[in-house]
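File shown: entry-v1.cif. Contents: mmCIF, C-alpha atoms.
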```
data_run
#
loop_
_atom_site.label_atom_id
_atom_site.label_comp_id
_atom_site.auth_asym_id
_atom_site.auth_seq_id
_atom_site.Cartn_x
_atom_site.Cartn_y
_atom_site.Cartn_z
CA ASN P 1 -11.45 16.41 3.63
CA GLN P 2 -7.86 16.78 4.75
CA VAL P 3 -5.47 13.85 4.42
CA ASN P 4 -5.37 13.33 8.18
CA ASP P 5 -9.11 12.67 8.09
CA VAL P 6 -8.15 9.09 7.21
CA GLU P 7 -7.96 8.58 10.98
CA HIS P 8 -11.78 8.47 10.78
CA SER P 9 -11.85 6.14 7.76
CA SER P 10 -12.59 2.45 7.95
CA LEU P 11 -11.40 1.96 4.35
CA ILE P 12 -8.89 3.87 2.20
CA LEU P 13 -8.85 3.32 -1.56
CA LEU P 14 -5.56 4.55 -2.99
CA ILE P 15 -5.21 4.72 -6.77
CA GLY P 16 -2.61 6.12 -9.16
CA SER P 17 -0.22 7.31 -6.47
CA ASN P 18 2.98 6.24 -4.76
CA PRO P 19 2.62 8.19 -1.49
CA THR P 20 5.66 6.72 0.27
CA ALA P 21 7.89 8.36 -2.37
CA ASN P 22 5.82 11.38 -3.39
CA HIS P 23 3.69 12.23 -0.34
CA PRO P 24 5.58 10.85 2.66
CA VAL P 25 3.55 12.80 5.24
CA ALA P 26 0.31 11.44 3.80
CA ALA P 27 1.84 7.95 3.65
CA THR P 28 2.53 8.14 7.37
CA TRP P 29 -1.14 8.83 8.01
CA PHE P 30 -2.09 5.83 5.86
CA LYS P 31 0.33 3.49 7.63
CA ASN P 32 -0.83 4.61 11.07
CA ALA P 33 -4.44 4.12 9.99
CA ALA P 34 -3.62 0.59 8.84
CA LYS P 35 -2.10 -0.17 12.25
CA ARG P 36 -5.41 0.88 13.83
CA GLY P 37 -7.31 -1.53 11.62
CA THR P 38 -8.28 0.65 8.67
CA LYS P 39 -8.40 -1.38 5.46
CA ILE P 40 -6.24 -0.05 2.63
CA VAL P 41 -7.03 -1.01 -0.94
CA LEU P 42 -4.16 -0.25 -3.34
CA CYS P 43 -5.10 0.02 -7.01
CA ASP P 44 -2.05 0.37 -9.22
CA PRO P 45 -0.41 -1.40 -12.17
CA ARG P 46 2.72 -1.66 -10.02
CA MET P 47 2.98 -2.66 -6.40
CA THR P 48 4.50 0.21 -4.44
CA ASP P 49 5.75 0.29 -0.86
CA ILE P 50 2.29 0.97 0.59
CA ALA P 51 1.23 -2.50 -0.64
CA LYS P 52 2.90 -3.92 2.48
CA HIS P 53 0.17 -2.23 4.53
CA ALA P 54 -2.76 -3.02 2.23
CA TRP P 55 -5.77 -5.20 2.99
CA ARG P 56 -6.25 -5.87 -0.74
CA THR P 57 -4.14 -4.99 -3.78
CA MET P 58 -5.63 -4.66 -7.24
CA GLN P 59 -2.75 -4.68 -9.72
CA PHE P 60 -4.76 -3.88 -12.83
CA LYS P 61 -3.38 -3.81 -16.36
CA PRO P 62 -2.21 -0.36 -17.51
CA ASP P 63 -4.91 1.74 -19.19
CA THR P 64 -7.80 -0.30 -17.75
CA ASP P 65 -8.74 1.97 -14.82
CA VAL P 66 -12.23 2.57 -16.24
CA ALA P 67 -12.94 -1.14 -16.70
CA MET P 68 -11.96 -1.87 -13.09
CA LEU P 69 -13.89 1.04 -11.58
CA ASN P 70 -16.99 0.42 -13.69
CA ALA P 71 -17.00 -3.20 -12.51
CA MET P 72 -17.09 -1.94 -8.92
CA ILE P 73 -19.91 0.49 -9.71
CA TYR P 74 -21.79 -2.35 -11.44
CA THR P 75 -21.47 -4.51 -8.32
CA VAL P 76 -22.75 -1.77 -6.02
CA ILE P 77 -25.83 -1.23 -8.19
CA GLU P 78 -26.52 -4.87 -9.08
CA GLU P 79 -26.26 -6.11 -5.50
CA GLY P 80 -28.48 -3.35 -4.13
CA LEU P 81 -25.69 -1.69 -2.14
CA ALA P 82 -26.30 1.85 -3.40
CA ASP P 83 -27.23 4.48 -0.82
CA LYS P 84 -30.76 5.26 -2.02
CA GLU P 85 -31.34 8.13 0.40
CA PHE P 86 -28.09 9.86 -0.54
CA ILE P 87 -28.80 9.40 -4.25
CA ALA P 88 -32.35 10.80 -3.90
CA ASN P 89 -31.20 13.87 -1.99
CA ARG P 90 -27.71 14.58 -3.30
CA ALA P 91 -27.07 12.95 -6.70
CA ASN P 92 -28.28 13.36 -10.28
CA ASN P 93 -28.53 11.06 -13.32
CA PHE P 94 -28.44 7.81 -11.37
CA ASP P 95 -30.78 6.11 -13.85
CA ALA P 96 -28.44 7.04 -16.72
CA LEU P 97 -25.48 5.60 -14.81
CA LYS P 98 -27.44 2.44 -14.04
CA GLU P 99 -28.23 2.00 -17.73
CA ASN P 100 -24.67 2.75 -18.87
CA ILE P 101 -23.10 0.30 -16.44
CA LYS P 102 -25.04 -2.75 -17.66
CA GLY P 103 -22.21 -4.07 -19.81
CA TYR P 104 -19.51 -3.78 -17.13
CA SER P 105 -20.00 -6.78 -14.87
CA PRO P 106 -16.90 -7.92 -12.93
CA GLU P 107 -17.01 -11.18 -14.87
CA ALA P 108 -16.85 -9.27 -18.17
CA MET P 109 -14.20 -6.79 -16.98
CA ALA P 110 -11.90 -9.29 -15.22
CA PRO P 111 -10.15 -10.43 -18.45
CA ILE P 112 -9.71 -6.78 -19.47
CA CYS P 113 -8.33 -5.30 -16.25
CA GLY P 114 -6.65 -8.44 -14.93
CA ILE P 115 -8.41 -8.41 -11.53
CA PRO P 116 -10.41 -11.54 -10.59
CA ALA P 117 -14.15 -10.93 -10.57
CA GLU P 118 -14.47 -12.11 -6.97
CA THR P 119 -11.87 -9.52 -5.87
CA LEU P 120 -13.66 -6.72 -7.72
CA ARG P 121 -16.92 -7.70 -6.02
CA GLU P 122 -15.32 -8.07 -2.60
CA VAL P 123 -13.71 -4.63 -2.68
CA ALA P 124 -16.88 -3.01 -4.07
CA ARG P 125 -19.00 -4.54 -1.29
CA GLU P 126 -16.57 -3.41 1.38
CA PHE P 127 -16.40 0.11 -0.03
CA ALA P 128 -20.19 0.41 -0.17
CA THR P 129 -20.98 -1.07 3.23
CA THR P 130 -18.14 0.19 5.43
CA LYS P 131 -18.82 3.08 7.80
CA SER P 132 -16.58 5.60 6.02
CA ALA P 133 -14.40 5.18 2.92
CA MET P 134 -12.05 7.73 1.39
CA ILE P 135 -10.54 7.71 -2.09
CA LEU P 136 -7.12 9.28 -2.59
CA TRP P 137 -5.65 9.50 -6.07
CA GLY P 138 -2.52 10.83 -7.72
CA MET P 139 -1.43 11.86 -11.18
CA GLY P 140 -1.63 8.26 -12.35
CA VAL P 141 -5.37 8.92 -12.56
CA SER P 142 -5.44 12.45 -13.94
CA GLN P 143 -2.41 12.65 -16.26
CA HIS P 144 -3.83 9.99 -18.51
CA VAL P 145 -5.50 9.78 -21.90
CA HIS P 146 -8.65 8.74 -20.02
CA GLY P 147 -8.04 11.06 -17.06
CA THR P 148 -11.49 12.66 -17.15
CA ASP P 149 -13.19 9.26 -17.39
CA ASN P 150 -11.10 7.97 -14.50
CA ALA P 151 -12.11 10.90 -12.30
CA ARG P 152 -15.77 10.57 -13.24
CA CYS P 153 -15.76 6.91 -12.27
CA LEU P 154 -14.34 7.77 -8.84
CA ILE P 155 -16.93 10.52 -8.39
CA ALA P 156 -19.72 8.13 -9.39
CA LEU P 157 -18.45 5.49 -6.96
CA VAL P 158 -18.54 7.79 -3.92
CA SER P 159 -21.84 9.33 -5.04
CA ILE P 160 -23.81 6.09 -5.31
CA THR P 161 -22.42 4.76 -2.02
CA GLY P 162 -22.85 8.00 -0.05
CA GLN P 163 -19.16 7.95 0.85
CA ILE P 164 -18.77 11.71 0.78
CA GLY P 165 -19.66 14.62 3.03
CA LYS P 166 -18.96 12.89 6.32
CA PRO P 167 -15.82 12.29 8.44
CA GLY P 168 -13.37 9.84 6.91
CA SER P 169 -14.95 9.89 3.47
CA GLY P 170 -14.77 11.72 0.15
CA LEU P 171 -12.36 12.25 -2.73
CA HIS P 172 -8.89 13.62 -2.11
CA PRO P 173 -6.42 14.38 -4.91
CA LEU P 174 -2.78 13.98 -3.91
CA ARG P 175 -1.31 16.87 -5.87
CA GLY P 176 1.78 16.56 -8.03
CA GLN P 177 3.58 19.70 -6.83
CA ASN P 178 3.43 21.89 -3.74
CA ASN P 179 1.13 24.57 -5.19
CA VAL P 180 -1.08 22.72 -7.66
CA GLN P 181 -4.01 23.25 -5.31
CA GLY P 182 -3.21 26.93 -4.92
CA ALA P 183 -2.87 27.41 -8.67
CA SER P 184 -6.27 25.80 -9.21
CA ASP P 185 -7.81 27.96 -6.48
CA ALA P 186 -6.34 31.06 -8.12
CA GLY P 187 -7.98 30.32 -11.48
CA LEU P 188 -5.26 28.55 -13.47
CA ILE P 189 -7.91 26.32 -14.99
CA PRO P 190 -9.02 27.24 -18.52
CA MET P 191 -12.74 27.36 -17.78
CA MET P 192 -12.51 29.02 -14.36
CA PHE P 193 -11.89 32.40 -12.77
CA PRO P 194 -10.40 32.42 -9.24
CA ASN P 195 -12.29 30.44 -6.60
CA TYR P 196 -13.81 28.15 -9.26
CA GLN P 197 -16.14 30.72 -10.79
CA ARG P 198 -16.98 29.64 -14.33
CA VAL P 199 -15.83 31.92 -17.13
CA ASP P 200 -19.16 31.47 -18.93
CA ASN P 201 -21.19 32.35 -15.83
CA PRO P 202 -22.59 35.84 -16.60
CA GLU P 203 -22.60 36.97 -12.96
CA ALA P 204 -19.04 35.79 -12.30
CA HIS P 205 -17.86 37.25 -15.60
CA ALA P 206 -19.36 40.65 -14.80
CA TRP P 207 -17.85 40.62 -11.29
CA PHE P 208 -14.31 39.95 -12.52
CA GLU P 209 -14.57 42.48 -15.36
CA LYS P 210 -15.48 45.12 -12.77
CA PHE P 211 -12.86 43.89 -10.30
CA TRP P 212 -10.02 44.01 -12.83
CA ASP P 213 -11.49 46.95 -14.78
CA THR P 214 -10.86 45.27 -18.11
CA PRO P 215 -12.91 43.35 -20.70
CA LEU P 216 -12.58 39.57 -20.41
CA ASP P 217 -13.21 36.79 -22.90
CA LYS P 218 -16.54 35.05 -22.25
CA LYS P 219 -15.40 31.79 -23.82
CA PRO P 220 -13.62 29.15 -21.68
CA GLY P 221 -10.04 28.44 -22.65
CA TYR P 222 -8.49 25.19 -23.83
CA THR P 223 -7.06 22.41 -21.70
CA VAL P 224 -3.42 21.41 -22.19
CA VAL P 225 -4.44 18.46 -24.35
CA GLU P 226 -6.71 20.67 -26.46
CA ILE P 227 -3.93 23.25 -26.79
CA MET P 228 -1.67 20.62 -28.36
CA HIS P 229 -4.36 19.87 -30.94
CA LYS P 230 -4.82 23.59 -31.65
CA ILE P 231 -1.10 24.01 -32.32
CA THR P 232 -1.29 21.45 -35.12
CA ALA P 233 -4.64 22.71 -36.41
CA PRO P 234 -4.79 24.00 -40.01
CA ASP P 235 -4.05 27.68 -40.65
CA SER P 236 -7.73 28.19 -41.45
CA ASP P 237 -8.66 27.50 -37.81
CA PRO P 238 -9.30 30.90 -36.15
CA ASP P 239 -8.17 29.46 -32.81
CA LYS P 240 -4.92 27.97 -34.08
CA ILE P 241 -2.15 28.48 -31.52
CA ARG P 242 1.18 29.76 -32.79
CA GLY P 243 2.97 30.77 -29.60
CA MET P 244 3.18 29.57 -26.00
CA TYR P 245 4.54 30.91 -22.73
CA VAL P 246 5.18 27.97 -20.38
CA GLU P 247 5.95 28.77 -16.75
CA GLY P 248 7.00 26.03 -14.34
CA GLU P 249 5.42 23.26 -16.41
CA ASN P 250 6.84 20.50 -18.57
CA PRO P 251 4.17 19.35 -21.06
CA ALA P 252 6.82 17.55 -23.11
CA MET P 253 6.92 15.06 -20.22
CA SER P 254 3.49 15.35 -18.54
CA ASP P 255 1.13 15.27 -21.54
CA PRO P 256 -0.65 11.91 -21.96
CA ASP P 257 0.44 11.67 -25.63
CA LEU P 258 4.12 12.59 -25.45
CA ASN P 259 4.92 12.13 -29.12
CA HIS P 260 2.03 14.38 -30.16
CA ALA P 261 2.87 16.98 -27.51
CA ARG P 262 6.53 17.18 -28.47
CA HIS P 263 5.65 17.44 -32.16
CA ALA P 264 3.19 20.23 -31.36
CA LEU P 265 5.66 22.18 -29.19
CA ALA P 266 8.33 21.91 -31.87
CA SER P 267 5.83 23.26 -34.43
CA LEU P 268 5.20 26.56 -32.64
CA ASP P 269 6.37 29.83 -34.16
CA LEU P 270 7.47 30.91 -30.68
CA LEU P 271 7.94 28.93 -27.48
CA VAL P 272 9.01 30.74 -24.30
CA VAL P 273 9.79 28.63 -21.22
CA GLN P 274 10.32 30.03 -17.74
CA ASP P 275 11.84 27.45 -15.40
CA ILE P 276 14.66 26.62 -13.02
CA PHE P 277 15.76 23.58 -15.04
CA MET P 278 16.43 22.86 -18.70
CA THR P 279 13.40 20.60 -18.91
CA GLU P 280 12.37 18.59 -21.95
CA THR P 281 10.06 21.46 -22.85
CA ALA P 282 12.80 24.07 -22.33
CA LEU P 283 15.03 22.17 -24.76
CA LEU P 284 12.43 22.90 -27.45
CA ALA P 285 12.12 26.59 -26.56
CA ASP P 286 13.13 29.62 -28.60
CA VAL P 287 13.61 31.62 -25.39
CA VAL P 288 14.36 30.32 -21.88
CA LEU P 289 13.81 32.68 -18.94
CA PRO P 290 15.79 31.61 -15.85
CA ALA P 291 13.36 31.58 -12.92
CA SER P 292 13.87 31.25 -9.18
CA ALA P 293 13.40 28.27 -6.87
CA TRP P 294 11.29 28.10 -3.72
CA PRO P 295 14.00 29.32 -1.25
CA GLU P 296 14.99 32.17 -3.57
CA LYS P 297 11.76 34.20 -3.37
CA VAL P 298 8.87 35.22 -1.13
CA GLY P 299 5.35 33.92 -1.66
CA THR P 300 2.62 31.51 -0.66
CA ALA P 301 1.54 28.04 -1.68
CA SER P 302 -1.68 26.17 -0.93
CA ASN P 303 -0.92 22.52 -0.33
CA THR P 304 -2.99 19.43 -1.03
CA ASP P 305 -4.84 19.99 2.27
CA ARG P 306 -5.74 23.52 1.11
CA MET P 307 -3.56 25.07 3.78
CA VAL P 308 -1.93 28.37 2.77
CA GLN P 309 1.76 28.35 3.61
CA MET P 310 4.22 31.23 3.34
CA GLY P 311 7.73 30.74 2.02
CA LYS P 312 10.38 33.32 2.82
CA LYS P 313 13.51 34.04 0.84
CA ALA P 314 16.61 32.34 2.22
CA ILE P 315 19.17 32.82 -0.57
CA ASN P 316 19.55 34.91 -3.72
CA PRO P 317 18.88 33.35 -7.14
CA PRO P 318 22.04 32.29 -8.98
CA GLY P 319 23.41 34.08 -12.02
CA ASP P 320 20.78 35.83 -14.14
CA ALA P 321 17.85 34.01 -12.53
CA LYS P 322 15.01 36.26 -11.36
CA PRO P 323 11.86 35.80 -9.25
CA ASP P 324 8.94 34.63 -11.37
CA LEU P 325 6.84 37.59 -10.24
CA TRP P 326 9.49 40.06 -11.45
CA ILE P 327 9.74 38.33 -14.84
CA ILE P 328 6.02 38.26 -15.55
CA GLN P 329 5.57 41.89 -14.45
CA GLN P 330 8.36 42.98 -16.81
CA ILE P 331 6.66 41.18 -19.70
CA ALA P 332 3.32 42.78 -18.78
CA LYS P 333 4.82 46.28 -18.69
CA HIS P 334 6.48 45.79 -22.08
CA MET P 335 3.09 44.73 -23.43
CA GLY P 336 1.61 48.02 -22.24
CA LEU P 337 -0.27 46.71 -19.21
CA ASN P 338 -0.55 49.01 -16.22
CA TRP P 339 0.68 46.60 -13.59
CA ASN P 340 2.03 48.48 -10.61
CA TYR P 341 2.38 46.33 -7.52
CA GLN P 342 4.16 48.33 -4.85
CA GLY P 343 6.22 46.99 -1.97
CA PRO P 344 9.25 44.80 -1.32
CA ASP P 345 9.94 41.56 -3.18
CA ASP P 346 8.32 42.85 -6.39
CA GLY P 347 5.07 43.71 -4.64
CA VAL P 348 4.25 40.15 -3.63
CA ALA P 349 2.10 41.30 -0.67
CA ALA P 350 0.02 43.50 -2.99
CA VAL P 351 -0.43 40.63 -5.43
CA TYR P 352 -1.53 38.37 -2.59
CA ASP P 353 -4.03 40.98 -1.37
CA GLU P 354 -5.53 41.17 -4.86
CA MET P 355 -5.79 37.39 -4.93
CA ARG P 356 -7.40 37.43 -1.47
CA GLN P 357 -10.07 39.83 -2.75
CA ALA P 358 -10.65 37.76 -5.89
CA MET P 359 -11.01 34.63 -3.71
CA HIS P 360 -12.88 36.39 -0.89
CA ALA P 361 -15.17 33.41 -0.29
CA ALA P 362 -12.17 31.18 0.46
CA ILE P 363 -9.20 33.13 1.87
CA ASN P 364 -10.49 36.59 2.74
CA GLY P 365 -9.60 36.09 6.39
CA ILE P 366 -6.02 35.02 5.66
CA THR P 367 -4.24 38.36 5.44
CA TRP P 368 -0.58 38.75 4.49
CA GLU P 369 0.21 39.98 8.00
CA ARG P 370 -1.50 36.96 9.53
#
```
Please re-express this file's structure in structure tokens.
Amino acid sequence: NQVNDVEHSSLILLIGSNPTANHPVAATWFKNAAKRGTKIVLCDPRMTDIAKHAWRTMQFKPDTDVAMLNAMIYTVIEEGLADKEFIANRANNFDALKENIKGYSPEAMAPICGIPAETLREVAREFATTKSAMILWGMGVSQHVHGTDNARCLIALVSITGQIGKPGSGLHPLRGQNNVQGASDAGLIPMMFPNYQRVDNPEAHAWFEKFWDTPLDKKPGYTVVEIMHKITAPDSDPDKIRGMYVEGENPAMSDPDLNHARHALASLDLLVVQDIFMTETALLADVVLPASAWPEKVGTASNTDRMVQMGKKAINPPGDAKPDLWIIQQIAKHMGLNWNYQGPDDGVAAVYDEMRQAMHAAINGITWER
């Protein structure tokens, strides 16, 4: 659901995000919804500006997201508030969840997460029984040592309450940068091809091998956290990583375990960073490639609402900085790859058309001309 679908929500649960500072357009939707009577529940170790508009605030102790969320799931199940019809028709493994949650009562979790048991129960009841509830989360949930567990708890919560698949409901990630959604759609996830086709799916694998006319690895890649472990793996490990090419990312600041990440990056035989700033990661690099900023190039971005937006060049890059597309094509050519995207602005329209074909189920109708 798009962010503005909160106008149909009767409850908004916001966790791990400071939308007033980081997503001001979304924050405006939240504030307007609150004025109309929508209940906002803010879950965050710190009280941000949106707390002024909240119905309830749950200022949990850092690193106890799972304890808090499991207590809510426990309440929904224990008090018979689960949506049995939705679970029967649309969910799997409910019995396993019910068994796993037995040790997570609000009374047991309250001392751990710092939220009174009665508040945990109150919010859980309201979430389960309200007409339509939407969860919106930021990088406070995902960029975390328990990020996967946090996300699974949120998925379980909407699944057992049936708060998904209808207006004003569902799970909505508030992305960290303007094209995180577009990058994910395009396949910059280690286990996915474009349009969320799994690398280890034989049909998808065969389709992309034919589409790109090149053999592709059948094994999913490593996540950023796993990559850091593979850098420090023993030399006997066949998957040990010795070099990295980092483009527009800063793992020396975004990795959940910063000390481990920085040690790993410093241990590489070769680290190449392509960015517009001398980031913490760039300071560790052997080679820094000066990239271009948003107004210095032509291209598209898919925002958190999955809307494709075109950006047009307004100014030239400073100094030796080059468009990212030009840089990566030069590297590819020097590696012997037959990349030949014709057209102005380093063939960006041709690249987009290839992406449109690879993601035909999602953006086939959005042509470059359109």
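Between CA of Leu11 in chain P and CA of Phe127 in chain P lies a distance of 6.9 Å.
In this comparison, which uses only C-alpha atoms, the residue of P:Arg306, P:Lys131, P:Lys230, P:His144 approaching Leu174 in chain P most closely is P:Arg306.
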Point to revise | Distance query Pro295 in chain P at most 9 Å, all atoms listed in the file, self and fewer than 5 positions along chain excluded, as a list in words | key: Gly311, Lys312, Lys313, Ala314, Ile315, Asn316 and Pro317 of chain P
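Within 9 Å of Asn195 in chain P, once only C-alpha atoms are used and residues closer than 6 positions along the same chain are dropped, the contacting residues are Ser184, Asp185, Ala186, Gly187, Ala358, Met359, His360, Ala361 and Ala362 of chain P.
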Check your understanding: If you count all atoms listed in the file, which residues fall within 6 Å of range 319-335 of chain P, apart from same-chain ones fewer than 2 positions away, as a PyMOL selection string?
Key -> chain P and resi 290-292+317+337+346
Check your understanding: Closest to Tyr104 in chain P among P:Phe86, P:Asp353, P:Ala67, P:Gly37, using only C-alpha atoms?
Key -> P:Ala67
Point to revise | Hits of the PyMOL selection byres ((chain P and resi 148-157) around 8) in this structure, as an MDAnalysis selection string | key: chainID P and resid 65:66 69:70 72:73 135 141:142 146:147 158:161 171
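In this comparison, which uses only C-alpha atoms, the residue of P:Ala54, P:Lys240, P:Ala285, P:His229 approaching Ala261 in chain P most closely is P:His229.
Of the residues listed (P:Leu258, P:Leu268, P:Val298, P:Leu42), P:Leu268 shows the shortest atom-to-atom separation from Leu284 in chain P; distances use all atoms listed in the file.
Reported to one decimal place, the separation of CA of Tyr196 in chain P from CA of Thr214 in chain P is 19.5 Å.
Computed from the coordinates, the CA of Pro344 in chain P to CA of Val273 in chain P distance equals 25.6 Å.
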